[in-house]
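J.: I'm passing along model-v3.cif; it holds mmCIF, C-alpha atoms and all ligand atoms.
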data_entry
#
loop_
_atom_site.label_atom_id
_atom_site.label_comp_id
_atom_site.auth_asym_id
_atom_site.auth_seq_id
_atom_site.Cartn_x
_atom_site.Cartn_y
_atom_site.Cartn_z
CA MET U 1026 -29.42 -4.35 95.28
CA LYS U 1027 -27.07 -1.96 97.06
CA THR U 1028 -23.66 -1.30 95.55
CA LYS U 1029 -20.85 -1.75 98.03
CA LEU U 1030 -17.92 0.68 98.10
CA VAL U 1031 -14.59 -0.75 99.21
CA ARG U 1032 -11.34 1.16 99.55
CA THR U 1033 -8.93 -1.46 100.84
CA LEU U 1034 -7.71 -4.77 99.48
CA ALA U 1035 -8.82 -6.49 102.70
CA ALA U 1036 -12.40 -5.23 102.24
CA LEU U 1037 -12.36 -6.23 98.56
CA ARG U 1038 -11.19 -9.74 99.42
CA ARG U 1039 -13.96 -10.14 102.01
CA GLU U 1040 -16.46 -9.71 99.16
CA THR U 1041 -14.70 -11.91 96.62
CA THR U 1042 -14.07 -14.69 99.18
CA LYS U 1043 -17.79 -14.71 100.00
CA TRP U 1044 -18.67 -14.98 96.29
CA ARG U 1045 -16.26 -17.84 95.76
CA LYS U 1046 -17.73 -19.73 98.72
CA GLU U 1047 -21.15 -19.32 97.08
CA GLY U 1048 -19.76 -20.65 93.79
CA LEU U 1049 -20.32 -17.33 91.98
CA THR U 1050 -18.25 -15.99 89.08
CA TYR U 1051 -17.30 -12.32 88.74
CA ALA U 1052 -15.95 -9.82 86.26
CA VAL U 1053 -13.78 -6.75 86.82
CA VAL U 1054 -14.15 -3.46 84.92
CA PRO U 1055 -11.03 -1.31 85.43
CA THR U 1056 -11.62 2.43 84.95
CA MET U 1057 -10.14 5.80 85.81
CA GLY U 1058 -13.58 7.16 86.73
CA ALA U 1059 -15.37 10.00 84.88
CA ILE U 1060 -17.90 7.28 84.12
CA HIS U 1061 -19.92 7.46 80.90
CA SER U 1062 -22.02 5.02 78.92
CA GLY U 1063 -18.89 3.40 77.42
CA HIS U 1064 -17.93 2.27 80.91
CA THR U 1065 -21.45 1.24 81.92
CA GLU U 1066 -21.62 -0.89 78.75
CA LEU U 1067 -18.57 -2.79 80.05
CA VAL U 1068 -20.51 -3.38 83.29
CA ALA U 1069 -23.57 -4.53 81.30
CA GLN U 1070 -21.44 -6.94 79.26
CA GLY U 1071 -19.79 -8.19 82.47
CA LEU U 1072 -23.23 -8.96 83.89
CA THR U 1073 -24.05 -11.12 80.85
CA ARG U 1074 -21.00 -13.32 81.56
CA ALA U 1075 -20.62 -13.37 85.31
CA ASP U 1076 -22.79 -13.41 88.43
CA ARG U 1077 -21.14 -10.35 89.95
CA VAL U 1078 -19.29 -7.27 88.65
CA ILE U 1079 -16.60 -5.19 90.35
CA ALA U 1080 -15.75 -1.79 88.85
CA THR U 1081 -12.48 -0.22 89.90
CA ILE U 1082 -11.77 3.51 89.90
CA PHE U 1083 -8.16 4.58 90.11
CA VAL U 1084 -6.55 7.47 88.25
CA ASN U 1085 -3.20 5.81 87.82
CA PRO U 1086 -0.37 8.36 88.08
CA LYS U 1087 2.09 5.89 86.55
CA GLN U 1088 0.43 5.98 83.13
CA PHE U 1089 0.59 9.77 82.79
CA ALA U 1090 3.77 11.55 81.67
CA ALA U 1091 4.76 14.75 83.49
CA HIS U 1092 3.27 16.98 80.75
CA GLU U 1093 0.00 15.02 80.49
CA ASP U 1094 -3.42 15.73 82.02
CA LEU U 1095 -3.18 13.87 85.39
CA ASP U 1096 -4.09 16.98 87.43
CA LYS U 1097 -6.98 18.06 85.24
CA TYR U 1098 -8.28 14.54 84.50
CA PRO U 1099 -12.05 14.78 85.30
CA ARG U 1100 -12.94 13.41 88.75
CA ASP U 1101 -16.46 12.95 90.15
CA GLU U 1102 -16.55 10.15 92.71
CA ASP U 1103 -20.18 10.63 93.80
CA GLY U 1104 -21.46 10.81 90.22
CA ASP U 1105 -19.37 7.79 89.23
CA VAL U 1106 -20.66 5.68 92.13
CA LEU U 1107 -24.25 6.56 91.23
CA LYS U 1108 -23.80 5.65 87.54
CA LEU U 1109 -21.98 2.39 88.26
CA GLY U 1110 -24.58 1.44 90.86
CA LYS U 1111 -27.39 2.10 88.38
CA ALA U 1112 -25.57 -0.04 85.81
CA GLY U 1113 -25.75 -2.98 88.22
CA CYS U 1114 -22.25 -3.05 89.68
CA HIS U 1115 -22.08 -5.10 92.88
CA VAL U 1116 -18.81 -3.69 94.23
CA ILE U 1117 -16.85 -0.53 93.43
CA TYR U 1118 -13.21 -0.70 94.43
CA LEU U 1119 -11.70 2.76 94.98
CA PRO U 1120 -8.22 1.98 96.24
CA THR U 1121 -6.07 4.65 97.81
CA PRO U 1122 -2.68 5.21 96.09
CA GLU U 1123 -1.04 3.46 99.10
CA GLU U 1124 -3.14 0.34 98.49
CA ILE U 1125 -1.81 0.16 94.93
CA TYR U 1126 1.70 1.53 95.43
CA PRO U 1127 2.71 0.72 99.01
CA GLU U 1128 5.79 2.27 100.59
CA GLY U 1129 8.87 0.86 98.85
CA PHE U 1130 6.98 -0.24 95.72
CA CYS U 1131 9.56 -1.05 93.05
CA THR U 1132 8.17 -3.63 90.61
CA THR U 1133 7.00 -2.82 87.10
CA VAL U 1134 5.38 -5.04 84.48
CA SER U 1135 7.02 -4.19 81.19
CA ALA U 1136 5.53 -5.31 77.88
CA THR U 1137 6.81 -5.58 74.31
CA GLY U 1138 4.97 -7.05 71.28
CA PRO U 1139 1.73 -5.08 70.81
CA ALA U 1140 2.95 -2.64 73.50
CA LYS U 1141 5.80 -1.62 71.16
CA ALA U 1142 3.82 -1.43 67.93
CA GLY U 1143 4.77 2.22 67.35
CA LEU U 1144 1.27 3.52 68.07
CA GLU U 1145 0.40 4.96 71.51
CA ASP U 1146 3.78 3.75 72.80
CA LYS U 1147 5.56 6.03 70.37
CA PHE U 1148 3.82 9.14 71.72
CA ARG U 1149 3.41 8.03 75.34
CA PRO U 1150 6.55 5.99 76.11
CA GLN U 1151 5.79 5.04 79.74
CA PHE U 1152 2.08 4.49 79.17
CA PHE U 1153 1.89 0.71 78.72
CA ASP U 1154 4.27 -0.17 81.54
CA GLY U 1155 2.00 1.97 83.73
CA VAL U 1156 -1.12 0.26 82.37
CA CYS U 1157 0.32 -3.27 82.63
CA THR U 1158 1.51 -2.73 86.20
CA ILE U 1159 -1.84 -1.43 87.48
CA VAL U 1160 -3.90 -3.90 85.43
CA ALA U 1161 -1.79 -6.87 86.60
CA LYS U 1162 -2.29 -5.67 90.18
CA LEU U 1163 -6.06 -5.32 89.69
CA PHE U 1164 -6.27 -8.78 88.09
CA ILE U 1165 -4.38 -10.30 91.02
CA GLN U 1166 -6.11 -8.24 93.72
CA THR U 1167 -9.61 -9.05 92.44
CA GLY U 1168 -8.93 -12.63 91.26
CA ALA U 1169 -11.78 -12.08 88.77
CA ASP U 1170 -12.83 -14.64 86.13
CA TYR U 1171 -13.33 -11.99 83.43
CA ALA U 1172 -11.91 -8.55 82.71
CA MET U 1173 -13.91 -6.20 80.51
CA PHE U 1174 -11.97 -3.76 78.30
CA GLY U 1175 -13.19 -1.39 75.60
CA GLU U 1176 -12.13 -1.72 71.97
CA LYS U 1177 -11.96 2.08 72.07
CA ASP U 1178 -8.45 1.72 73.53
CA TYR U 1179 -7.56 -0.94 71.00
CA GLN U 1180 -3.84 -1.22 71.61
CA GLN U 1181 -4.45 -1.41 75.36
CA LEU U 1182 -6.93 -4.27 74.82
CA GLN U 1183 -4.33 -6.26 72.86
CA VAL U 1184 -1.58 -5.46 75.37
CA VAL U 1185 -3.54 -6.59 78.45
CA THR U 1186 -4.84 -9.69 76.65
CA ARG U 1187 -1.26 -10.68 75.84
CA MET U 1188 -0.04 -9.79 79.35
CA ALA U 1189 -2.64 -12.00 81.08
CA LYS U 1190 -1.64 -14.86 78.80
CA ASP U 1191 2.12 -14.35 79.24
CA LEU U 1192 1.91 -14.07 83.04
CA SER U 1193 -0.56 -17.01 83.30
CA ILE U 1194 -3.07 -14.85 85.16
CA PRO U 1195 -6.26 -16.97 85.18
CA ILE U 1196 -8.59 -14.34 83.79
CA GLU U 1197 -10.35 -14.03 80.44
CA VAL U 1198 -9.99 -10.59 78.87
CA ILE U 1199 -13.13 -9.63 76.94
CA GLY U 1200 -13.15 -6.81 74.36
CA VAL U 1201 -16.32 -4.71 74.19
CA ALA U 1202 -17.34 -2.72 71.09
CA THR U 1203 -16.87 1.06 71.31
CA VAL U 1204 -19.89 3.02 72.49
CA ARG U 1205 -20.42 6.14 70.37
CA GLU U 1206 -22.38 9.37 70.38
CA ASP U 1207 -25.20 9.58 67.80
CA ASP U 1208 -22.84 11.21 65.29
CA GLY U 1209 -20.22 8.49 65.70
CA LEU U 1210 -17.72 10.17 68.07
CA ALA U 1211 -16.41 7.55 70.51
CA LYS U 1212 -17.49 8.34 74.07
CA SER U 1213 -14.50 9.44 76.09
CA SER U 1214 -13.89 11.10 79.43
CA ARG U 1215 -11.67 13.54 77.54
CA ASN U 1216 -14.48 14.73 75.23
CA VAL U 1217 -15.39 17.29 77.92
CA TYR U 1218 -12.21 19.19 76.99
CA LEU U 1219 -13.52 19.88 73.46
CA SER U 1220 -14.90 23.34 72.63
CA LYS U 1221 -18.23 23.50 70.79
CA GLN U 1222 -16.47 23.89 67.47
CA GLU U 1223 -13.95 21.11 68.17
CA ARG U 1224 -16.79 18.80 69.22
CA GLN U 1225 -18.31 19.37 65.77
CA GLN U 1226 -14.99 18.70 64.01
CA ALA U 1227 -14.32 15.63 66.18
CA LEU U 1228 -16.86 13.42 64.44
CA ALA U 1229 -14.55 13.36 61.39
CA ILE U 1230 -12.19 10.95 63.11
CA TYR U 1231 -14.73 8.10 63.07
CA SER U 1232 -16.14 8.96 59.65
CA SER U 1233 -12.70 9.14 58.01
CA LEU U 1234 -11.65 5.79 59.54
CA SER U 1235 -14.94 4.19 58.49
CA HIS U 1236 -14.51 5.47 54.93
CA ALA U 1237 -10.93 4.22 54.80
CA ALA U 1238 -12.04 0.77 56.01
CA GLU U 1239 -14.76 0.73 53.36
CA ARG U 1240 -12.26 1.71 50.67
CA ILE U 1241 -9.88 -1.07 51.68
CA ARG U 1242 -12.73 -3.58 51.58
CA GLY U 1243 -13.54 -2.15 48.14
CA GLY U 1244 -10.01 -2.91 46.91
CA LEU U 1245 -7.98 0.26 47.62
CA ASP U 1246 -4.49 -0.50 48.88
CA ILE U 1247 -3.94 -0.14 52.61
CA GLN U 1248 -1.32 2.64 52.43
CA SER U 1249 -3.39 4.85 50.15
CA ALA U 1250 -6.48 4.45 52.31
CA ALA U 1251 -4.54 5.42 55.47
CA ARG U 1252 -2.95 8.37 53.67
CA LEU U 1253 -6.34 9.58 52.45
CA ALA U 1254 -7.77 9.48 55.99
CA THR U 1255 -4.70 11.35 57.30
CA ARG U 1256 -5.11 14.07 54.67
CA THR U 1257 -8.83 14.42 55.37
CA LEU U 1258 -8.16 14.89 59.08
CA MET U 1259 -5.35 17.37 58.49
CA ALA U 1260 -7.52 19.38 56.11
CA LEU U 1261 -10.16 19.57 58.86
CA GLY U 1262 -7.70 21.02 61.38
CA PHE U 1263 -6.48 17.90 63.19
CA THR U 1264 -2.83 17.40 64.08
CA VAL U 1265 -2.41 13.72 63.28
CA ASP U 1266 -0.14 11.50 65.43
CA TYR U 1267 -0.91 8.43 63.32
CA VAL U 1268 -3.46 6.77 61.08
CA THR U 1269 -2.38 3.23 60.30
CA VAL U 1270 -3.69 -0.19 59.35
CA ARG U 1271 -2.42 -3.08 61.48
CA ASN U 1272 -2.94 -6.76 62.13
CA ALA U 1273 -5.93 -6.77 64.48
CA ALA U 1274 -4.27 -9.01 67.11
CA THR U 1275 -0.50 -8.42 66.99
CA LEU U 1276 -0.74 -4.79 65.76
CA ALA U 1277 2.20 -5.52 63.46
CA PRO U 1278 2.12 -3.99 59.96
CA PRO U 1279 0.09 -6.41 57.81
CA GLN U 1280 1.85 -8.80 55.43
CA ASN U 1281 -1.22 -9.19 53.24
CA ARG U 1282 -4.82 -7.99 52.96
CA ASP U 1283 -6.35 -11.28 54.10
CA GLU U 1284 -5.25 -10.90 57.70
CA PRO U 1285 -7.79 -9.53 60.18
CA LEU U 1286 -7.09 -5.79 59.99
CA ARG U 1287 -7.82 -2.75 62.12
CA ILE U 1288 -7.42 0.89 61.14
CA ILE U 1289 -6.24 2.86 64.17
CA ALA U 1290 -5.75 6.60 64.69
CA ALA U 1291 -4.71 9.25 67.18
CA ALA U 1292 -5.06 12.95 66.46
CA TRP U 1293 -5.20 16.25 68.28
CA LEU U 1294 -7.91 18.87 68.10
CA GLY U 1295 -6.44 21.88 69.86
CA GLU U 1296 -5.34 20.66 73.30
CA THR U 1297 -7.33 17.42 73.17
CA ARG U 1298 -5.97 14.12 71.95
CA LEU U 1299 -8.55 11.76 70.45
CA ILE U 1300 -8.08 8.09 69.59
CA ASP U 1301 -10.32 5.77 67.63
CA ASN U 1302 -10.24 2.61 65.51
CA VAL U 1303 -12.50 0.48 63.33
CA ALA U 1304 -12.38 -3.05 61.95
CA VAL U 1305 -11.54 -3.30 58.25
P1 LIG T 1401 -10.91 4.93 80.89
O1 LIG T 1401 -11.21 4.99 82.36
O2 LIG T 1401 -11.80 5.85 80.10
O3 LIG T 1401 -9.48 5.05 80.56
O4 LIG T 1401 -11.32 3.49 80.40
C1 LIG T 1401 -11.76 2.43 81.19
C2 LIG T 1401 -12.26 1.34 80.27
O5 LIG T 1401 -13.41 1.81 79.56
C3 LIG T 1401 -11.25 0.90 79.20
O6 LIG T 1401 -11.35 -0.50 79.02
C4 LIG T 1401 -11.72 1.64 78.00
O7 LIG T 1401 -11.37 1.02 76.77
C5 LIG T 1401 -13.24 1.57 78.19
N1 LIG T 1401 -13.91 2.60 77.41
C6 LIG T 1401 -13.65 3.94 77.40
N2 LIG T 1401 -14.43 4.56 76.50
C7 LIG T 1401 -15.20 3.60 75.92
C8 LIG T 1401 -16.19 3.60 74.90
N3 LIG T 1401 -16.56 4.72 74.29
N4 LIG T 1401 -16.75 2.42 74.55
C9 LIG T 1401 -16.37 1.26 75.16
N5 LIG T 1401 -15.44 1.20 76.13
C10 LIG T 1401 -14.85 2.35 76.49
#
Output the file's structure as C-alpha cells, nothing else.
T.:
Amino acid sequence: MKTKLVRTLAALRRETTKWRKEGLTYAVVPTMGAIHSGHTELVAQGLTRADRVIATIFVNPKQFAAHEDLDKYPRDEDGDVLKLGKAGCHVIYLPTPEEIYPEGFCTTVSATGPAKAGLEDKFRPQFFDGVCTIVAKLFIQTGADYAMFGEKDYQQLQVVTRMAKDLSIPIEVIGVATVREDDGLAKSSRNVYLSKQERQQALAIYSSLSHAAERIRGGLDIQSAARLATRTLMALGFTVDYVTVRNAATLAPPQNRDEPLRIIAAAWLGETRLIDNVAV
C-alpha cells in the first residue's frame, strides 16, 4: 500500500469522500511531526478500530507562546512520512498554514473545565485555546470517525474529549497508553533536547510518579504522596512546575480516594520541560 501525501483540504476531501462511498471508516491521528513510536502506536491503534488512518502533521504556531520552542521544534518531513507510511497510514495530511489559518482567520475555540484545571494551562495560558482551535478544525476537515490521542498529554486528552462532546462533533476520541523507553521515560519529540546526563536523570519522573501511585494505593494520603514525589524530583535536580493528583476525567482536585485518580506532573531538566502521568 502506498501512503498518499495531501497538502490541501480539497485533496484530503477527495480521499475521505471516496472512503465514505466505499462504506469505510477512518481514524485521524493529529501530530506536530518529529514522529516516534508513541505516534506510530496511535496509528496502530487507529488501524485496529477503523479501515483507514489519516495522520496529520502541523506544527501549530497558535499553541506556542512567544518564548517557547516553536522555531527549534524538531522538523523532519521526509523521515516522518517514511515512519508513518511504515506504520500503515493511508493518508498524511500536511496542511500549509494558509489551509489552517486562511487570510482573515478570527475564530478561536476556547475551553474551560479540564482546560482550566491549573495544570498545563497555568504555565502555558494560550496553549489549550490553540490546541482546541486546531483540533476542532482537524476533526471537521477530516470528518473522521475516531481521533487517536496519547495519554502522555493527559490534560489535552481530557480537553479534546470534552470539546468534541460539547461541540457535538461526531467523532469518538480514543486515549492510547503512553509509549515509553525501556527505562520508563515517556517517548517525546522533546527528549532530543536532553543532554546525556539529563537523559539519565529524566527517568526519575516516571519512577517517582509510579511510586507515588503505589503509595496511594497502599493507603498513603494523596497530598503526602504528591509532596514526596515533588521532593524526590527536586532533590534530583528538577525544577518542578507541578506534581498533583486529580480526578482522572474532570482533572478537578479529588473529593475522596475512591474516585478514578491520575497523578500528573510537569518538571524542567535544564532547558527541557517534561510531562508525564500515571493512573493511581
Ligand atoms: P505531539 O505531536 O508529540 O505533540 O503529539 C501528537 C500525539 O501523539 C498526541 O496525541 C500525543 O499525546 C501523542 N503522543 C506523544 N508522545 C506519546 C507517547 N510517548 N505515547 C503515546 N502517545 C504519545
J.: What gap, in Å, lies between atom CA of U:Glu1145 and atom CA of U:Tyr1231?
T.: 17.6 Å
J.: Please write as a list in words the list of polymer residues whose atoms come within 8 Å of (-5.5, 15.8, 77.5), counting all atoms listed in the file and keeping to the coordinates of the file.
T.: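 The requested residues, written out, are Glu1093, Asp1094, Tyr1098, Arg1215, Tyr1218, Glu1296, Thr1297 and Arg1298 of chain U.
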J.: Go ahead and dump the residues you just picked, C-alpha atoms, as a PDB file, keeping the file's coordinate frame.
T.:
ATOM      1  CA  GLU U1093       0.000  15.020  80.490  1.00  0.00           C
ATOM      2  CA  ASP U1094      -3.420  15.730  82.020  1.00  0.00           C
ATOM      3  CA  TYR U1098      -8.280  14.540  84.500  1.00  0.00           C
ATOM      4  CA  ARG U1215     -11.670  13.540  77.540  1.00  0.00           C
ATOM      5  CA  TYR U1218     -12.210  19.190  76.990  1.00  0.00           C
ATOM      6  CA  GLU U1296      -5.340  20.660  73.300  1.00  0.00           C
ATOM      7  CA  THR U1297      -7.330  17.420  73.170  1.00  0.00           C
ATOM      8  CA  ARG U1298      -5.970  14.120  71.950  1.00  0.00           C
TER       9      ARG U1298
END
J.: Counting only C-alpha atoms, what is within 8 Å of U:Ile1300, bar same-chain residues fewer than 3 positions away, as a PyMOL selection string?
T.: chain U and resi 1177-1178+1289-1292
J.: Can you work out which residues are within 10 Å of ligand LIG 1401 (chain T), considering all atoms listed in the file, and then hand them over as an mmCIF file with C-alpha atoms, keeping the file's coordinate frame?
T.:
data_model
loop_
_atom_site.group_PDB
_atom_site.id
_atom_site.type_symbol
_atom_site.label_atom_id
_atom_site.label_comp_id
_atom_site.auth_asym_id
_atom_site.auth_seq_id
_atom_site.Cartn_x
_atom_site.Cartn_y
_atom_site.Cartn_z
ATOM 1 C CA VAL U 1054 -14.150 -3.460 84.920
ATOM 2 C CA PRO U 1055 -11.030 -1.310 85.430
ATOM 3 C CA THR U 1056 -11.620 2.430 84.950
ATOM 4 C CA MET U 1057 -10.140 5.800 85.810
ATOM 5 C CA GLY U 1058 -13.580 7.160 86.730
ATOM 6 C CA ALA U 1059 -15.370 10.000 84.880
ATOM 7 C CA ILE U 1060 -17.900 7.280 84.120
ATOM 8 C CA HIS U 1061 -19.920 7.460 80.900
ATOM 9 C CA SER U 1062 -22.020 5.020 78.920
ATOM 10 C CA GLY U 1063 -18.890 3.400 77.420
ATOM 11 C CA HIS U 1064 -17.930 2.270 80.910
ATOM 12 C CA THR U 1065 -21.450 1.240 81.920
ATOM 13 C CA GLU U 1066 -21.620 -0.890 78.750
ATOM 14 C CA LEU U 1067 -18.570 -2.790 80.050
ATOM 15 C CA VAL U 1068 -20.510 -3.380 83.290
ATOM 16 C CA ALA U 1080 -15.750 -1.790 88.850
ATOM 17 C CA THR U 1081 -12.480 -0.220 89.900
ATOM 18 C CA ILE U 1082 -11.770 3.510 89.900
ATOM 19 C CA PHE U 1083 -8.160 4.580 90.110
ATOM 20 C CA VAL U 1084 -6.550 7.470 88.250
ATOM 21 C CA ASN U 1085 -3.200 5.810 87.820
ATOM 22 C CA VAL U 1156 -1.120 0.260 82.370
ATOM 23 C CA ALA U 1172 -11.910 -8.550 82.710
ATOM 24 C CA MET U 1173 -13.910 -6.200 80.510
ATOM 25 C CA PHE U 1174 -11.970 -3.760 78.300
ATOM 26 C CA GLY U 1175 -13.190 -1.390 75.600
ATOM 27 C CA GLU U 1176 -12.130 -1.720 71.970
ATOM 28 C CA LYS U 1177 -11.960 2.080 72.070
ATOM 29 C CA ASP U 1178 -8.450 1.720 73.530
ATOM 30 C CA TYR U 1179 -7.560 -0.940 71.000
ATOM 31 C CA GLN U 1180 -3.840 -1.220 71.610
ATOM 32 C CA GLN U 1181 -4.450 -1.410 75.360
ATOM 33 C CA LEU U 1182 -6.930 -4.270 74.820
ATOM 34 C CA VAL U 1185 -3.540 -6.590 78.450
ATOM 35 C CA ILE U 1199 -13.130 -9.630 76.940
ATOM 36 C CA GLY U 1200 -13.150 -6.810 74.360
ATOM 37 C CA VAL U 1201 -16.320 -4.710 74.190
ATOM 38 C CA ALA U 1202 -17.340 -2.720 71.090
ATOM 39 C CA THR U 1203 -16.870 1.060 71.310
ATOM 40 C CA VAL U 1204 -19.890 3.020 72.490
ATOM 41 C CA ARG U 1205 -20.420 6.140 70.370
ATOM 42 C CA GLU U 1206 -22.380 9.370 70.380
ATOM 43 C CA LEU U 1210 -17.720 10.170 68.070
ATOM 44 C CA ALA U 1211 -16.410 7.550 70.510
ATOM 45 C CA LYS U 1212 -17.490 8.340 74.070
ATOM 46 C CA SER U 1213 -14.500 9.440 76.090
ATOM 47 C CA SER U 1214 -13.890 11.100 79.430
ATOM 48 C CA ARG U 1215 -11.670 13.540 77.540
ATOM 49 C CA ASP U 1301 -10.320 5.770 67.630
#
J.: For a quick check of understanding, using all atoms listed in the file, which of U:Ile1159, U:Ala1169, U:Val1270, U:Leu1107 has the smallest distance to U:Ile1079?
T.: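 Residue with the minimum atom-to-atom distance to U:Ile1079: U:Ala1169.
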J.: Work out how far apart atom CA of U:Asp1246 and atom CA of U:Asn1281 are and give it in Å to one decimal.
T.: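 So the answer is 10.3 Å.
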J.: In Å, how far is it from atom CA of U:Glu1197 to atom CA of U:Gly1143?
T.: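 Calculated distance between atom CA of U:Glu1197 and atom CA of U:Gly1143 is 25.8 Å.
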J.: Could you give me, as a compact mmCIF listing (two decimals) with C-alpha atoms, in the frame of the given file, the residues within 8 Å of U:Gln1088, counting all atoms listed in the file and dropping anything in the same chain fewer than 2 positions from it?
T.:
# COMPACT_ATOMS: atom_id res chain seq x y z
CA ASN U 1085 -3.20 5.81 87.82
CA PRO U 1086 -0.37 8.36 88.08
CA ALA U 1090 3.77 11.55 81.67
CA GLN U 1151 5.79 5.04 79.74
CA PHE U 1152 2.08 4.49 79.17
CA PHE U 1153 1.89 0.71 78.72
CA ASP U 1154 4.27 -0.17 81.54
CA GLY U 1155 2.00 1.97 83.73
CA VAL U 1156 -1.12 0.26 82.37
J.: Hey, which of U:Arg1242, U:Lys1043, U:Lys1027, U:Arg1282 ends up closest to U:His1115? Count all atoms listed in the file.
T.: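 Nearest to U:His1115: U:Lys1027.
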J.: Compare U:Arg1077, U:Arg1240, U:Arg1100, U:Lys1087 by their minimum atom-to-atom distance to U:Lys1029, counting all atoms listed in the file, and give me the closest one.
T.: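 The closest residue to U:Lys1029 is U:Arg1077.
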J.: Compile the contact shell of U:Ala1274 as a list of chain:residue names: residues with an atom at most 10 Å away, counting all atoms listed in the file, same-chain residues fewer than 4 positions apart removed.
T.: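 After dropping sequence-adjacent residues, the list is U:Pro1139, U:Tyr1179, U:Gln1180, U:Leu1182, U:Gln1183, U:Val1184, U:Thr1186, U:Arg1187, U:Glu1284, U:Pro1285, U:Leu1286, U:Arg1287.
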J.: Quick one: of U:Val1078, U:Ala1189, U:Ile1125, U:Ala1238, who's nearest to U:Ala1250, counting all atoms listed in the file?
T.: U:Ala1238
J.: Would you list the residues near (-5.1, -8.2, 92.3) (no more than 12 Å away, in the coordinates of the file, using all atoms listed in the file) as a PyMOL selection string?
T.: chain U and resi 1033-1035+1037-1038+1041+1053+1055+1081+1118+1120+1124-1125+1158-1170+1172+1194-1196
J.: Pick out the closest residue to U:Val1305 from this set: U:Thr1269, U:Ala1254, U:Glu1047, U:Ile1241. Count all atoms listed in the file.
T.: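 The answer is U:Ile1241, which sits nearest to U:Val1305.
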J.: Some atoms are absent from stretch 1084-1095 of chain U, so rebuild N, CA and C atoms and return them as a PDB file, in the frame of the given file.
T.:
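Saved to out36.pdb:
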ATOM      1  N   VAL U1084      -7.261   6.655  89.249  1.00  0.00           N
ATOM      2  CA  VAL U1084      -6.550   7.470  88.250  1.00  0.00           C
ATOM      3  C   VAL U1084      -5.073   7.203  88.483  1.00  0.00           C
ATOM      4  N   ASN U1085      -4.526   6.398  87.594  1.00  0.00           N
ATOM      5  CA  ASN U1085      -3.200   5.810  87.820  1.00  0.00           C
ATOM      6  C   ASN U1085      -2.087   6.785  87.428  1.00  0.00           C
ATOM      7  N   PRO U1086      -1.402   7.362  88.422  1.00  0.00           N
ATOM      8  CA  PRO U1086      -0.370   8.360  88.080  1.00  0.00           C
ATOM      9  C   PRO U1086       0.723   7.791  87.193  1.00  0.00           C
ATOM     10  N   LYS U1087       0.974   6.477  87.296  1.00  0.00           N
ATOM     11  CA  LYS U1087       2.090   5.890  86.550  1.00  0.00           C
ATOM     12  C   LYS U1087       1.858   5.799  85.045  1.00  0.00           C
ATOM     13  N   GLN U1088       0.623   6.037  84.580  1.00  0.00           N
ATOM     14  CA  GLN U1088       0.430   5.980  83.130  1.00  0.00           C
ATOM     15  C   GLN U1088       0.286   7.371  82.504  1.00  0.00           C
ATOM     16  N   PHE U1089       0.574   8.402  83.312  1.00  0.00           N
ATOM     17  CA  PHE U1089       0.590   9.770  82.790  1.00  0.00           C
ATOM     18  C   PHE U1089       2.041  10.253  82.774  1.00  0.00           C
ATOM     19  N   ALA U1090       2.460  10.888  81.684  1.00  0.00           N
ATOM     20  CA  ALA U1090       3.770  11.550  81.670  1.00  0.00           C
ATOM     21  C   ALA U1090       3.628  12.898  82.366  1.00  0.00           C
ATOM     22  N   ALA U1091       4.773  13.506  82.715  1.00  0.00           N
ATOM     23  CA  ALA U1091       4.760  14.750  83.490  1.00  0.00           C
ATOM     24  C   ALA U1091       3.926  15.847  82.810  1.00  0.00           C
ATOM     25  N   HIS U1092       3.969  15.898  81.460  1.00  0.00           N
ATOM     26  CA  HIS U1092       3.270  16.980  80.750  1.00  0.00           C
ATOM     27  C   HIS U1092       1.810  16.628  80.458  1.00  0.00           C
ATOM     28  N   GLU U1093       1.368  15.429  80.847  1.00  0.00           N
ATOM     29  CA  GLU U1093       0.000  15.020  80.490  1.00  0.00           C
ATOM     30  C   GLU U1093      -1.020  15.515  81.520  1.00  0.00           C
ATOM     31  N   ASP U1094      -2.318  15.064  81.326  1.00  0.00           N
ATOM     32  CA  ASP U1094      -3.420  15.730  82.020  1.00  0.00           C
ATOM     33  C   ASP U1094      -3.823  15.087  83.347  1.00  0.00           C
ATOM     34  N   LEU U1095      -2.848  14.513  84.107  1.00  0.00           N
ATOM     35  CA  LEU U1095      -3.180  13.870  85.390  1.00  0.00           C
ATOM     36  C   LEU U1095      -3.952  14.817  86.324  1.00  0.00           C
TER      37      LEU U1095
END
